[in-house]
file input-v2.csv (CSV, C-alpha atoms and all ligand atoms)
chain,number,residue,atom,x,y,z
A,13,MET,CA,25.2,1.2,35.5
A,14,ARG,CA,24.9,-1.0,38.6
A,15,VAL,CA,21.4,-1.4,40.1
A,16,ASN,CA,22.6,-1.8,43.6
A,17,ARG,CA,24.2,1.6,43.8
A,18,ARG,CA,23.3,3.2,47.1
A,19,MET,CA,21.7,6.7,47.0
A,20,ARG,CA,21.6,7.2,50.8
A,21,ILE,CA,24.0,6.5,53.6
A,22,ARG,CA,23.6,6.9,57.4
A,23,HIS,CA,26.3,8.0,59.7
A,24,GLU,CA,27.3,6.5,63.0
A,25,PHE,CA,29.7,8.2,65.4
A,26,VAL,CA,31.9,5.5,66.9
A,27,GLU,CA,35.1,5.4,68.8
A,28,TYR,CA,36.5,2.3,67.1
A,29,VAL,CA,35.5,1.3,63.6
A,30,PRO,CA,33.9,-2.2,63.8
A,31,ARG,CA,35.7,-5.1,62.3
A,32,SER,CA,32.8,-5.9,59.9
A,33,LEU,CA,31.2,-3.0,58.3
A,34,GLU,CA,27.5,-2.7,57.7
A,35,GLU,CA,26.7,-1.6,54.1
A,36,GLY,CA,25.2,1.9,53.9
A,37,VAL,CA,26.8,3.1,57.2
A,38,LEU,CA,29.4,5.8,57.3
A,39,TYR,CA,31.4,5.1,60.5
A,40,ILE,CA,33.0,8.2,61.9
A,41,SER,CA,35.6,8.1,64.6
A,42,ILE,CA,36.4,11.5,66.0
A,43,PRO,CA,39.2,10.3,68.3
A,44,PHE,CA,40.9,8.7,65.2
A,45,ALA,CA,39.8,11.4,62.8
A,46,THR,CA,38.8,8.8,60.3
A,47,ALA,CA,35.6,7.8,58.5
A,48,VAL,CA,35.1,4.3,57.1
A,49,HIS,CA,32.3,2.9,54.9
A,50,CYS,CA,31.6,0.1,52.4
A,51,CYS,CA,31.9,1.4,48.9
A,52,CYS,CA,28.5,2.7,47.9
A,53,CYS,CA,28.4,0.6,44.7
A,54,GLY,CA,27.9,-2.5,46.7
A,55,CYS,CA,31.2,-4.1,45.8
A,56,GLY,CA,32.0,-4.5,49.5
A,57,GLU,CA,35.4,-2.7,49.4
A,58,GLU,CA,36.3,-0.8,52.5
A,59,VAL,CA,36.7,2.9,51.9
A,60,VAL,CA,38.9,4.7,54.5
A,61,THR,CA,38.7,8.5,54.4
A,62,PRO,CA,41.1,10.1,56.9
A,63,ILE,CA,39.8,13.4,58.2
A,64,SER,CA,42.5,16.0,58.1
A,65,PRO,CA,43.2,19.4,56.5
A,66,THR,CA,44.9,17.6,53.6
A,67,ASP,CA,42.6,14.7,53.3
A,68,TRP,CA,38.8,14.8,53.7
A,69,SER,CA,36.8,17.3,55.7
A,70,LEU,CA,33.7,16.2,57.5
A,71,THR,CA,30.7,18.4,58.0
A,72,PHE,CA,28.0,17.5,60.5
A,73,ASP,CA,25.0,19.8,60.4
A,74,GLY,CA,23.4,18.2,63.5
A,75,GLU,CA,21.4,15.7,61.4
A,76,THR,CA,23.4,14.7,58.4
A,77,VAL,CA,27.1,14.5,57.4
A,78,SER,CA,29.0,15.5,54.3
A,79,LEU,CA,32.4,14.5,53.1
A,80,ASN,CA,34.6,16.7,51.0
A,81,PRO,CA,36.1,16.3,48.4
A,82,SER,CA,34.4,13.5,46.4
A,83,ILE,CA,35.3,9.9,47.0
A,84,GLY,CA,37.1,8.4,44.0
A,85,ASN,CA,37.7,4.7,44.5
A,86,TRP,CA,40.1,4.4,41.6
A,87,SER,CA,42.1,1.7,43.3
A,88,PHE,CA,39.1,-0.6,43.4
A,89,ALA,CA,37.8,-2.7,40.5
A,90,CYS,CA,34.5,-0.7,40.5
A,91,GLU,CA,36.3,2.7,40.1
A,92,SER,CA,33.3,4.3,41.8
A,93,HIS,CA,33.2,8.1,42.1
A,94,TYR,CA,30.7,9.8,44.3
A,95,TRP,CA,30.1,12.5,46.8
A,96,ILE,CA,28.6,12.1,50.2
A,97,ARG,CA,26.5,15.1,50.8
A,98,ARG,CA,24.0,15.4,53.7
A,99,ASN,CA,23.8,11.6,53.9
A,100,GLY,CA,23.0,11.4,50.2
A,101,VAL,CA,25.2,9.7,47.7
A,102,GLN,CA,25.6,11.7,44.5
A,103,TRP,CA,27.2,9.6,41.8
A,104,ALA,CA,29.6,11.4,39.6
A,105,GLU,CA,28.1,10.2,36.3
A,106,SER,CA,24.6,11.4,37.2
A,107,TRP,CA,25.9,14.4,39.1
A,108,THR,CA,26.0,17.3,36.7
A,109,ALA,CA,23.7,17.8,33.8
A,110,GLY,CA,26.2,20.5,32.8
A,111,GLN,CA,28.9,17.9,32.2
A,112,ILE,CA,26.5,15.9,30.0
A,113,ALA,CA,25.6,19.0,28.0
A,114,GLU,CA,29.3,19.9,27.7
A,115,GLY,CA,30.0,16.4,26.4
A,116,ARG,CA,27.1,16.6,23.9
A,117,MET,CA,28.4,20.0,22.7
A,118,ARG,CA,31.9,18.6,22.2
A,119,HIS,CA,30.4,15.7,20.2
A,120,ARG,CA,28.4,18.1,18.0
A,121,ALA,CA,31.5,20.4,17.5
A,122,HIS,CA,33.5,17.3,16.5
A,123,LYS,CA,30.8,16.2,14.0
A,124,GLU,CA,30.6,19.7,12.5
A,125,SER,CA,34.4,19.9,12.0
A,126,GLN,CA,34.2,16.5,10.3
A,127,ALA,CA,31.5,17.8,8.1
A,128,ARG,CA,33.6,20.9,7.2
A,129,ALA,CA,36.5,18.6,6.3
A,130,GLU,CA,34.3,16.5,4.1
A,131,ARG,CA,32.6,19.3,2.2
A,132,PRO,CA,35.4,20.1,-0.5
A,133,VAL,CA,35.2,16.4,-1.6
A,134,GLN,CA,31.4,16.6,-2.0
A,135,ASP,CA,31.8,19.8,-4.1
A,136,VAL,CA,34.2,18.2,-6.5
A,137,ARG,CA,31.9,15.2,-6.9
A,138,ARG,CA,28.9,17.5,-7.6
A,139,GLY,CA,30.7,19.2,-10.4
A,140,ASN,CA,28.0,21.7,-11.4
A,141,ALA,CA,27.7,23.2,-7.9
A,142,ASN,CA,28.3,26.7,-9.3
A,143,GLY,CA,25.5,26.5,-11.9
A,144,SER,CA,23.0,25.5,-9.3
A,145,ALA,CA,24.2,28.2,-7.0
A,146,ASN,CA,23.7,30.8,-9.7
A,147,ARG,CA,20.2,29.5,-10.5
A,148,THR,CA,19.3,29.8,-6.8
A,149,LEU,CA,20.5,33.3,-6.7
A,150,LEU,CA,18.5,34.2,-9.9
A,151,GLN,CA,15.4,32.6,-8.4
A,152,ARG,CA,15.9,34.7,-5.2
A,153,ILE,CA,16.2,37.9,-7.2
A,154,ARG,CA,13.1,37.1,-9.2
A,155,SER,CA,11.1,36.3,-6.2
A,156,TRP,CA,12.3,39.5,-4.6
A,157,LEU,CA,11.3,41.5,-7.6
A,158,SER,CA,7.9,39.9,-7.8
A,159,ARG,CA,7.4,40.5,-4.1
A,160,ARG,CA,8.2,44.2,-4.7
A,161,ARG,CA,5.8,44.4,-7.7
A,162,ASP,CA,3.0,42.9,-5.7
A,163,GLY,CA,3.5,45.2,-2.8
B,1,ZN,ZN,32.7,-0.3,44.7
call {"tool": "encode", "arguments": {"input": "input-v2.csv", "output": "structure tokens", "more": "lines below"}}
Ligand SMILES: [Zn+2]
result
Amino acid sequence: MRVNRRMRIRHEFVEYVPRSLEEGVLYISIPFATAVHCCCCGCGEEVVTPISPTDWSLTFDGETVSLNPSIGNWSFACESHYWIRRNGVQWAESWTAGQIAEGRMRHRAHKESQARAERPVQDVRRGNANGSANRTLLQRIRSWLSRRRDG
């Protein structure tokens, strides 16, 4: 994970987007229905987000701005993916704990299915698995009987 990843951005309403962009500034041009900013990972790439019903929508709550949907810079080397929400930058990787939990669950399910697939081999190797199973059952019955006698 990059250390210079930005967690906040400030917005600036402009008519024309300046030639050189300042990092950490989301330039918004209402006349041109476009927002431009430097990629929040710090790679310096220029991210142009047209504002239209089929591109991005911009929300200005009087203090902060949000862009929807998320910004996925797949065409850049950094392949950054983040949301701009109320002048905060929410990185996709750290965004949902739910996604992480889902990933962990999938990993566990995968491991369990692998364990199931391996079990028959282990049983063959053990050989006297049935004998030990019977012994355990007998022990269980005995302990159950003794519990009953005591009680
Ligand atoms: Zn970047």
call {"tool": "closest_residue", "arguments": {"input": "input-v2.csv", "among": "A:Cys90, A:Thr46, A:Cys51, A:Arg17", "to": "Asp67 (chain A)", "atoms": "all atoms listed in the file"}}
result
A:Thr46
call {"tool": "closest_residue", "arguments": {"input": "input-v2.csv", "among": "A:Ala47, A:Asn16, A:Phe72, A:Ser158", "to": "Val60 (chain A)", "atoms": "all atoms listed in the file"}}
result
A:Ala47
call {"tool": "closest_residue", "arguments": {"input": "input-v2.csv", "among": "A:Cys50, A:Val29, A:Leu150, A:Leu38", "to": "ligand ZN 1 (chain B)", "atoms": "only C-alpha atoms and all ligand atoms"}}
result
A:Cys50
call {"tool": "residues_around", "arguments": {"input": "input-v2.csv", "residues": "region 21-27 of chain A", "least_positions_apart": "4", "cutoff": "7 Å", "atoms": "all atoms listed in the file", "output": "JSON, numbers by chain"}}
result
{"A": [36, 37, 38, 39, 40, 41, 42, 43, 77, 99, 100, 101]}
call {"tool": "write_last_selection", "arguments": {"input": "input-v2.csv", "atoms": "C-alpha atoms", "output": "short mmCIF file (atom, residue, chain, number, x, y, z; two decimals), in the frame of the given file"}}
result
data_model
loop_
_atom_site.label_atom_id
_atom_site.label_comp_id
_atom_site.auth_asym_id
_atom_site.auth_seq_id
_atom_site.Cartn_x
_atom_site.Cartn_y
_atom_site.Cartn_z
CA GLY A 36 25.20 1.90 53.90
CA VAL A 37 26.80 3.10 57.20
CA LEU A 38 29.40 5.80 57.30
CA TYR A 39 31.40 5.10 60.50
CA ILE A 40 33.00 8.20 61.90
CA SER A 41 35.60 8.10 64.60
CA ILE A 42 36.40 11.50 66.00
CA PRO A 43 39.20 10.30 68.30
CA VAL A 77 27.10 14.50 57.40
CA ASN A 99 23.80 11.60 53.90
CA GLY A 100 23.00 11.40 50.20
CA VAL A 101 25.20 9.70 47.70
#
call {"tool": "closest_residue", "arguments": {"input": "input-v2.csv", "among": "A:Tyr28, A:Trp103, A:Phe88, A:Phe44", "to": "ligand ZN 1 (chain B)", "atoms": "all atoms listed in the file"}}
result
A:Phe88
call {"tool": "closest_residue", "arguments": {"input": "input-v2.csv", "among": "A:Ile83, A:Leu33, A:Val48, A:Ala89", "to": "ligand ZN 1 (chain B)", "atoms": "all atoms listed in the file"}}
result
A:Ala89
call {"tool": "atom_distance", "arguments": {"input": "input-v2.csv", "atom1": "CA of Arg98 (chain A)", "atom2": "CA of Glu57 (chain A)"}}
result
21.8 Å
call {"tool": "atom_distance", "arguments": {"input": "input-v2.csv", "atom1": "CA of His93 (chain A)", "atom2": "CA of Pro30 (chain A)"}}
result
24.0 Å
call {"tool": "residues_around", "arguments": {"input": "input-v2.csv", "residues": "Ile63 (chain A)", "least_positions_apart": "5", "cutoff": "6 Å", "atoms": "only C-alpha atoms", "output": "list in words"}}
result
Ala45, Thr46, Trp68 and Ser69 of chain A
call {"tool": "closest_residue", "arguments": {"input": "input-v2.csv", "among": "A:Gln102, A:Ser87, A:Ser78, A:Gln151", "to": "ligand ZN 1 (chain B)", "atoms": "all atoms listed in the file"}}
result
A:Ser87
call {"tool": "atom_distance", "arguments": {"input": "input-v2.csv", "atom1": "CA of Cys53 (chain A)", "atom2": "CA of Leu70 (chain A)"}}
result
20.9 Å
call {"tool": "decode", "arguments": {"input": "input-v2.csv", "residues": "region 74-87 of chain A", "atoms": "all heavy atoms", "output": "tab-separated table (two decimals), in the first residue's frame"}}
result
chain	number	residue	atom	x	y	z
A	74	GLY	N	-23.07	22.07	0.11
A	74	GLY	CA	-22.87	23.41	0.67
A	74	GLY	C	-21.50	23.54	1.32
A	74	GLY	O	-20.99	24.65	1.48
A	75	GLU	N	-20.92	22.41	1.71
A	75	GLU	CA	-19.60	22.43	2.32
A	75	GLU	C	-18.64	21.48	1.63
A	75	GLU	O	-17.45	21.77	1.47
A	75	GLU	CB	-19.69	22.05	3.81
A	75	GLU	CG	-20.24	23.15	4.68
A	75	GLU	CD	-20.35	22.74	6.13
A	75	GLU	OE1	-19.89	21.64	6.50
A	75	GLU	OE2	-20.93	23.51	6.90
A	76	THR	N	-19.16	20.32	1.28
A	76	THR	CA	-18.30	19.30	0.68
A	76	THR	C	-18.93	18.77	-0.60
A	76	THR	O	-20.11	18.98	-0.87
A	76	THR	CB	-18.10	18.11	1.65
A	76	THR	OG1	-19.38	17.51	1.88
A	76	THR	CG2	-17.47	18.52	2.95
A	77	VAL	N	-18.09	18.07	-1.38
A	77	VAL	CA	-18.59	17.47	-2.62
A	77	VAL	C	-18.37	15.96	-2.60
A	77	VAL	O	-17.50	15.44	-1.91
A	77	VAL	CB	-17.92	18.07	-3.88
A	77	VAL	CG1	-18.25	19.54	-4.03
A	77	VAL	CG2	-16.41	17.83	-3.86
A	78	SER	N	-19.23	15.29	-3.34
A	78	SER	CA	-19.11	13.85	-3.53
A	78	SER	C	-19.25	13.56	-5.01
A	78	SER	O	-19.98	14.25	-5.72
A	78	SER	CB	-20.22	13.11	-2.77
A	78	SER	OG	-20.23	13.47	-1.41
A	79	LEU	N	-18.53	12.53	-5.45
A	79	LEU	CA	-18.64	12.10	-6.84
A	79	LEU	C	-19.15	10.67	-6.86
A	79	LEU	O	-18.72	9.83	-6.06
A	79	LEU	CB	-17.28	12.16	-7.54
A	79	LEU	CG	-16.86	13.47	-8.21
A	79	LEU	CD1	-15.47	13.32	-8.79
A	79	LEU	CD2	-17.83	13.92	-9.30
A	80	ASN	N	-20.04	10.41	-7.76
A	80	ASN	CA	-20.58	9.07	-7.92
A	80	ASN	C	-20.58	8.67	-9.38
A	80	ASN	O	-20.90	9.50	-10.22
A	80	ASN	CB	-22.02	9.02	-7.39
A	80	ASN	CG	-22.06	8.38	-6.02
A	80	ASN	OD1	-21.57	7.28	-5.82
A	80	ASN	ND2	-22.64	9.11	-5.08
A	81	PRO	N	-20.30	7.48	-9.78
A	81	PRO	CA	-19.85	6.36	-8.92
A	81	PRO	C	-18.40	6.51	-8.49
A	81	PRO	O	-17.86	7.62	-8.51
A	81	PRO	CB	-20.03	5.16	-9.86
A	81	PRO	CG	-19.81	5.72	-11.23
A	81	PRO	CD	-20.37	7.12	-11.17
A	82	SER	N	-17.75	5.43	-8.13
A	82	SER	CA	-16.36	5.46	-7.68
A	82	SER	C	-15.45	5.81	-8.86
A	82	SER	O	-15.86	5.75	-10.02
A	82	SER	CB	-15.97	4.10	-7.11
A	82	SER	OG	-16.01	3.12	-8.12
A	83	ILE	N	-14.22	6.17	-8.52
A	83	ILE	CA	-13.24	6.51	-9.55
A	83	ILE	C	-12.25	5.36	-9.67
A	83	ILE	O	-11.51	5.06	-8.74
A	83	ILE	CB	-12.54	7.84	-9.20
A	83	ILE	CG1	-13.57	8.97	-9.28
A	83	ILE	CG2	-11.37	8.11	-10.15
A	83	ILE	CD1	-13.23	10.17	-8.45
A	84	GLY	N	-12.33	4.68	-10.79
A	84	GLY	CA	-11.43	3.54	-11.03
A	84	GLY	C	-10.44	3.89	-12.12
A	84	GLY	O	-10.79	3.95	-13.29
A	85	ASN	N	-9.22	4.16	-11.71
A	85	ASN	CA	-8.19	4.60	-12.67
A	85	ASN	C	-7.47	3.40	-13.28
A	85	ASN	O	-6.26	3.26	-13.18
A	85	ASN	CB	-7.20	5.53	-11.97
A	85	ASN	CG	-7.89	6.80	-11.50
A	85	ASN	OD1	-8.83	7.28	-12.13
A	85	ASN	ND2	-7.43	7.35	-10.40
A	86	TRP	N	-8.26	2.53	-13.93
A	86	TRP	CA	-7.69	1.29	-14.48
A	86	TRP	C	-6.71	1.57	-15.60
A	86	TRP	O	-5.84	0.73	-15.86
A	86	TRP	CB	-8.80	0.37	-14.99
A	86	TRP	CG	-9.97	0.27	-14.10
A	86	TRP	CD1	-11.28	0.53	-14.42
A	86	TRP	CD2	-10.01	-0.13	-12.71
A	86	TRP	NE1	-12.09	0.32	-13.33
A	86	TRP	CE2	-11.34	-0.06	-12.28
A	86	TRP	CE3	-9.02	-0.50	-11.81
A	86	TRP	CZ2	-11.71	-0.38	-10.97
A	86	TRP	CZ3	-9.38	-0.80	-10.51
A	86	TRP	CH2	-10.71	-0.75	-10.10
A	87	SER	N	-6.84	2.70	-16.27
A	87	SER	CA	-5.96	2.99	-17.40
A	87	SER	C	-4.61	3.52	-16.93
A	87	SER	O	-3.68	3.62	-17.72
A	87	SER	CB	-6.63	4.00	-18.34
A	87	SER	OG	-6.96	5.16	-17.63
